[in-house]
>>> print(open('data_39.csv').read())   # CSV, N, CA, C and O atoms
chain,number,residue,atom,x,y,z
O,1,MET,N,69.8,-116.9,93.3
O,1,MET,CA,70.4,-117.4,94.5
O,1,MET,C,71.6,-116.4,94.8
O,1,MET,O,72.3,-116.0,93.9
O,2,THR,N,71.7,-116.1,96.1
O,2,THR,CA,72.7,-115.1,96.5
O,2,THR,C,74.1,-115.8,96.6
O,2,THR,O,74.2,-117.0,96.9
O,3,ASP,N,75.1,-115.0,96.5
O,3,ASP,CA,76.5,-115.6,96.8
O,3,ASP,C,76.7,-115.8,98.3
O,3,ASP,O,76.2,-115.0,99.1
O,4,PRO,N,77.5,-116.8,98.6
O,4,PRO,CA,77.8,-117.0,100.0
O,4,PRO,C,78.6,-115.8,100.6
O,4,PRO,O,79.4,-115.2,99.8
O,5,ALA,N,78.4,-115.5,101.8
O,5,ALA,CA,79.2,-114.4,102.4
O,5,ALA,C,80.6,-114.8,102.7
O,5,ALA,O,80.9,-115.9,103.2
O,6,HIS,N,81.6,-114.0,102.2
O,6,HIS,CA,83.0,-114.2,102.4
O,6,HIS,C,83.5,-113.3,103.5
O,6,HIS,O,83.2,-112.1,103.5
O,7,THR,N,84.3,-113.8,104.4
O,7,THR,CA,84.9,-112.9,105.4
O,7,THR,C,86.1,-112.3,104.8
O,7,THR,O,86.9,-112.9,104.0
O,8,ALA,N,86.3,-111.0,105.1
O,8,ALA,CA,87.4,-110.3,104.6
O,8,ALA,C,88.7,-110.7,105.3
O,8,ALA,O,88.7,-110.9,106.5
O,9,GLN,N,89.8,-110.9,104.5
O,9,GLN,CA,91.1,-111.2,105.1
O,9,GLN,C,91.6,-110.0,105.8
O,9,GLN,O,91.6,-108.9,105.2
O,10,PRO,N,92.2,-110.2,107.0
O,10,PRO,CA,92.8,-109.0,107.6
O,10,PRO,C,94.1,-108.5,106.9
O,10,PRO,O,94.9,-109.3,106.4
O,11,LEU,N,94.2,-107.2,106.7
O,11,LEU,CA,95.3,-106.7,106.1
O,11,LEU,C,96.6,-106.8,106.9
O,11,LEU,O,96.5,-106.8,108.2
O,12,CYS,N,97.7,-106.9,106.3
O,12,CYS,CA,99.0,-107.0,107.0
O,12,CYS,C,99.2,-105.7,107.7
O,12,CYS,O,99.1,-104.6,107.1
O,13,PRO,N,99.6,-105.7,109.0
O,13,PRO,CA,99.8,-104.5,109.8
O,13,PRO,C,101.1,-103.8,109.4
O,13,PRO,O,101.3,-102.6,109.6
O,14,CYS,N,102.0,-104.5,108.8
O,14,CYS,CA,103.3,-103.9,108.4
O,14,CYS,C,103.2,-103.1,107.1
O,14,CYS,O,103.7,-102.0,107.0
O,15,CYS,N,102.5,-103.7,106.1
O,15,CYS,CA,102.5,-103.0,104.8
O,15,CYS,C,101.1,-102.5,104.4
O,15,CYS,O,100.9,-101.8,103.4
O,16,ASP,N,100.1,-102.7,105.2
O,16,ASP,CA,98.7,-102.2,105.0
O,16,ASP,C,98.1,-102.6,103.7
O,16,ASP,O,97.4,-101.9,103.0
O,17,GLY,N,98.5,-103.8,103.2
O,17,GLY,CA,98.0,-104.4,102.0
O,17,GLY,C,98.8,-104.1,100.7
O,17,GLY,O,98.5,-104.7,99.7
O,18,PHE,N,99.8,-103.2,100.8
O,18,PHE,CA,100.7,-102.9,99.7
O,18,PHE,C,101.9,-103.8,99.9
O,18,PHE,O,103.0,-103.4,100.3
O,19,ALA,N,101.8,-105.1,99.5
O,19,ALA,CA,102.8,-106.1,99.9
O,19,ALA,C,104.0,-106.0,99.0
O,19,ALA,O,105.1,-106.4,99.4
O,20,ALA,N,103.9,-105.6,97.8
O,20,ALA,CA,105.1,-105.5,96.9
O,20,ALA,C,105.1,-104.1,96.3
O,20,ALA,O,104.1,-103.6,95.8
O,21,VAL,N,106.3,-103.5,96.4
O,21,VAL,CA,106.5,-102.2,95.8
O,21,VAL,C,107.7,-102.2,94.9
O,21,VAL,O,108.6,-103.0,95.1
O,22,THR,N,107.8,-101.3,94.0
O,22,THR,CA,109.0,-101.2,93.1
O,22,THR,C,109.7,-99.8,93.5
O,22,THR,O,109.0,-98.8,93.5
O,23,VAL,N,110.9,-99.9,93.8
O,23,VAL,CA,111.7,-98.7,94.2
O,23,VAL,C,112.8,-98.5,93.2
O,23,VAL,O,113.5,-99.4,92.7
O,24,THR,N,112.9,-97.2,92.8
O,24,THR,CA,113.9,-96.8,91.9
O,24,THR,C,115.2,-96.7,92.6
O,24,THR,O,115.3,-96.0,93.7
O,25,VAL,N,116.3,-97.3,92.1
O,25,VAL,CA,117.6,-97.2,92.7
O,25,VAL,C,118.5,-96.3,91.8
O,25,VAL,O,118.1,-95.9,90.7
O,26,ARG,N,119.7,-96.0,92.2
O,26,ARG,CA,120.5,-95.0,91.5
O,26,ARG,C,120.9,-95.5,90.2
O,26,ARG,O,121.1,-96.7,89.9
O,27,GLY,N,121.1,-94.6,89.3
O,27,GLY,CA,121.6,-94.9,87.9
O,27,GLY,C,120.6,-95.3,86.9
O,27,GLY,O,119.4,-95.4,87.2
O,28,ARG,N,121.1,-95.6,85.7
O,28,ARG,CA,120.2,-96.1,84.6
O,28,ARG,C,120.9,-97.2,83.9
O,28,ARG,O,122.1,-97.4,84.0
O,29,ASP,N,120.1,-98.1,83.3
O,29,ASP,CA,120.7,-99.2,82.5
O,29,ASP,C,121.3,-98.7,81.2
O,29,ASP,O,121.2,-97.5,80.9
O,30,ALA,N,121.9,-99.6,80.5
O,30,ALA,CA,122.6,-99.2,79.2
O,30,ALA,C,121.6,-98.7,78.2
O,30,ALA,O,121.9,-97.8,77.4
O,31,ASN,N,120.3,-99.1,78.3
O,31,ASN,CA,119.3,-98.7,77.3
O,31,ASN,C,118.6,-97.4,77.8
O,31,ASN,O,117.7,-96.9,77.1
O,32,GLY,N,119.0,-96.8,78.9
O,32,GLY,CA,118.5,-95.6,79.4
O,32,GLY,C,117.3,-95.7,80.4
O,32,GLY,O,116.9,-94.7,80.9
O,33,SER,N,116.8,-96.9,80.6
O,33,SER,CA,115.7,-97.1,81.6
O,33,SER,C,116.3,-97.0,83.0
O,33,SER,O,117.4,-97.3,83.2
O,34,ARG,N,115.4,-96.7,83.9
O,34,ARG,CA,115.8,-96.6,85.3
O,34,ARG,C,115.9,-98.0,85.9
O,34,ARG,O,115.2,-98.9,85.6
O,35,ARG,N,116.9,-98.1,86.8
O,35,ARG,CA,117.0,-99.4,87.6
O,35,ARG,C,116.0,-99.4,88.7
O,35,ARG,O,115.8,-98.4,89.4
O,36,THR,N,115.4,-100.5,88.8
O,36,THR,CA,114.4,-100.7,89.9
O,36,THR,C,114.6,-102.0,90.7
O,36,THR,O,115.2,-102.9,90.2
O,37,ARG,N,114.1,-102.0,91.9
O,37,ARG,CA,114.1,-103.2,92.7
O,37,ARG,C,112.7,-103.4,93.2
O,37,ARG,O,112.0,-102.5,93.6
O,38,ARG,N,112.3,-104.7,93.2
O,38,ARG,CA,111.0,-105.1,93.8
O,38,ARG,C,111.2,-105.5,95.2
O,38,ARG,O,112.0,-106.4,95.5
O,39,ILE,N,110.5,-104.8,96.1
O,39,ILE,CA,110.6,-105.1,97.5
O,39,ILE,C,109.3,-105.8,98.0
O,39,ILE,O,108.2,-105.3,97.7
O,40,ILE,N,109.4,-106.9,98.7
O,40,ILE,CA,108.3,-107.6,99.2
O,40,ILE,C,108.3,-107.6,100.7
O,40,ILE,O,109.3,-107.7,101.4
O,41,CYS,N,107.1,-107.4,101.3
O,41,CYS,CA,106.9,-107.4,102.7
O,41,CYS,C,107.3,-108.7,103.3
O,41,CYS,O,106.9,-109.8,102.9
O,42,ARG,N,108.1,-108.6,104.4
O,42,ARG,CA,108.6,-109.9,105.1
O,42,ARG,C,107.5,-110.5,105.9
O,42,ARG,O,107.6,-111.7,106.1
O,43,ILE,N,106.6,-109.7,106.4
O,43,ILE,CA,105.6,-110.3,107.3
O,43,ILE,C,104.6,-111.2,106.6
O,43,ILE,O,104.3,-112.3,107.0
O,44,CYS,N,104.0,-110.7,105.4
O,44,CYS,CA,103.0,-111.4,104.7
O,44,CYS,C,103.5,-112.1,103.5
O,44,CYS,O,102.8,-112.7,102.8
O,45,SER,N,104.8,-112.0,103.2
O,45,SER,CA,105.4,-112.7,102.1
O,45,SER,C,104.8,-112.3,100.7
O,45,SER,O,104.7,-113.1,99.8
O,46,GLY,N,104.4,-111.0,100.6
O,46,GLY,CA,103.9,-110.5,99.4
O,46,GLY,C,102.4,-110.8,99.1
O,46,GLY,O,101.9,-110.5,98.0
O,47,LEU,N,101.7,-111.2,100.1
O,47,LEU,CA,100.3,-111.5,99.9
O,47,LEU,C,99.4,-110.3,100.2
O,47,LEU,O,98.3,-110.1,99.7
O,48,GLY,N,99.8,-109.4,101.2
O,48,GLY,CA,99.0,-108.3,101.6
O,48,GLY,C,98.0,-108.6,102.7
O,48,GLY,O,97.4,-107.7,103.3
O,49,THR,N,97.8,-109.9,103.0
O,49,THR,CA,96.9,-110.3,104.0
O,49,THR,C,97.7,-111.3,104.9
O,49,THR,O,98.6,-111.9,104.5
O,50,VAL,N,97.2,-111.4,106.2
O,50,VAL,CA,97.8,-112.3,107.1
O,50,VAL,C,96.8,-113.1,107.9
O,50,VAL,O,95.6,-112.6,108.0
O,51,ARG,N,97.1,-114.2,108.4
O,51,ARG,CA,96.2,-114.9,109.3
O,51,ARG,C,96.3,-114.2,110.6
O,51,ARG,O,97.2,-113.5,110.9
O,52,ARG,N,95.3,-114.4,111.4
O,52,ARG,CA,95.2,-113.7,112.7
O,52,ARG,C,96.4,-114.0,113.6
O,52,ARG,O,96.8,-113.1,114.3
O,53,ALA,N,96.9,-115.2,113.7
O,53,ALA,CA,98.0,-115.5,114.6
O,53,ALA,C,99.3,-114.7,114.1
O,53,ALA,O,100.0,-114.2,114.9
O,54,ALA,N,99.5,-114.7,112.8
O,54,ALA,CA,100.6,-113.9,112.3
O,54,ALA,C,100.5,-112.4,112.5
O,54,ALA,O,101.4,-111.7,112.8
O,55,ARG,N,99.2,-111.9,112.5
O,55,ARG,CA,99.0,-110.5,112.7
O,55,ARG,C,99.3,-110.1,114.2
O,55,ARG,O,99.9,-109.1,114.4
O,56,LYS,N,99.0,-111.0,115.1
O,56,LYS,CA,99.3,-110.7,116.5
O,56,LYS,C,100.8,-110.7,116.7
O,56,LYS,O,101.3,-109.9,117.4
O,57,ARG,N,101.6,-111.6,116.1
O,57,ARG,CA,103.0,-111.6,116.2
O,57,ARG,C,103.6,-110.4,115.6
O,57,ARG,O,104.5,-109.8,116.1
O,58,ALA,N,103.1,-109.9,114.4
O,58,ALA,CA,103.6,-108.7,113.8
O,58,ALA,C,103.3,-107.5,114.6
O,58,ALA,O,104.2,-106.6,114.7
O,59,GLU,N,102.2,-107.4,115.2
O,59,GLU,CA,101.8,-106.2,116.0
O,59,GLU,C,102.7,-106.2,117.3
O,59,GLU,O,103.2,-105.2,117.7
O,60,ALA,N,103.0,-107.4,117.8
O,60,ALA,CA,103.9,-107.5,119.0
O,60,ALA,C,105.3,-107.1,118.6
O,60,ALA,O,106.0,-106.4,119.4
O,61,ALA,N,105.7,-107.4,117.4
O,61,ALA,CA,107.1,-107.0,117.0
O,61,ALA,C,107.2,-105.6,116.7
O,61,ALA,O,108.3,-105.0,116.8
O,62,ARG,N,106.1,-104.9,116.4
O,62,ARG,CA,106.2,-103.4,116.1
O,62,ARG,C,106.4,-102.6,117.3
O,62,ARG,O,106.9,-101.5,117.3
O,63,VAL,N,105.9,-103.1,118.5
O,63,VAL,CA,106.0,-102.4,119.7
O,63,VAL,C,107.3,-102.3,120.3
O,63,VAL,O,108.3,-102.4,120.0
>>> encode(input="data_39.csv", output="structure tokens")
Amino acid sequence: MTDPAHTAQPLCPCCDGFAAVTVTVRGRDANGSRRTRRIICRICSGLGTVRRAARKRAEAARV
């Protein structure tokens, strides 16, 4: 028996599916490791996909 067809979720227009990234900030910690910050996309809240209504709002906001 075949698997049911799943529709692909539309990617977030703001982050293109890369919803969370880690950015290196200035300096190092006491143990010598680099300081990092995790940044999450505000449009998709870190999911990488959006519903169609939210996608239209995001595209309108970009213009």
>>> residues_around(input="data_39.csv", residues="Cys15 of chain O", least_positions_apart="3", cutoff="7 Å", atoms="only N, CA, C and O atoms", output="list in words")
Leu11, Cys12, Phe18, Ala19, Cys41 and Gly48 of chain O
>>> atom_distance(input="data_39.csv", atom1="atom CA of Ala8 of chain O", atom2="atom CA of Val23 of chain O")
28.9 Å
>>> atom_distance(input="data_39.csv", atom1="atom CA of Thr49 of chain O", atom2="atom N of Asp16 of chain O")
8.3 Å
>>> atom_distance(input="data_39.csv", atom1="atom CA of Pro10 of chain O", atom2="atom CA of Arg51 of chain O")
7.0 Å
>>> select_by_dssp(input="data_39.csv", residues="segment 3-37 of chain O", states="strand (DSSP E)", output="number ranges by chain")
O: 20-28, 34-37
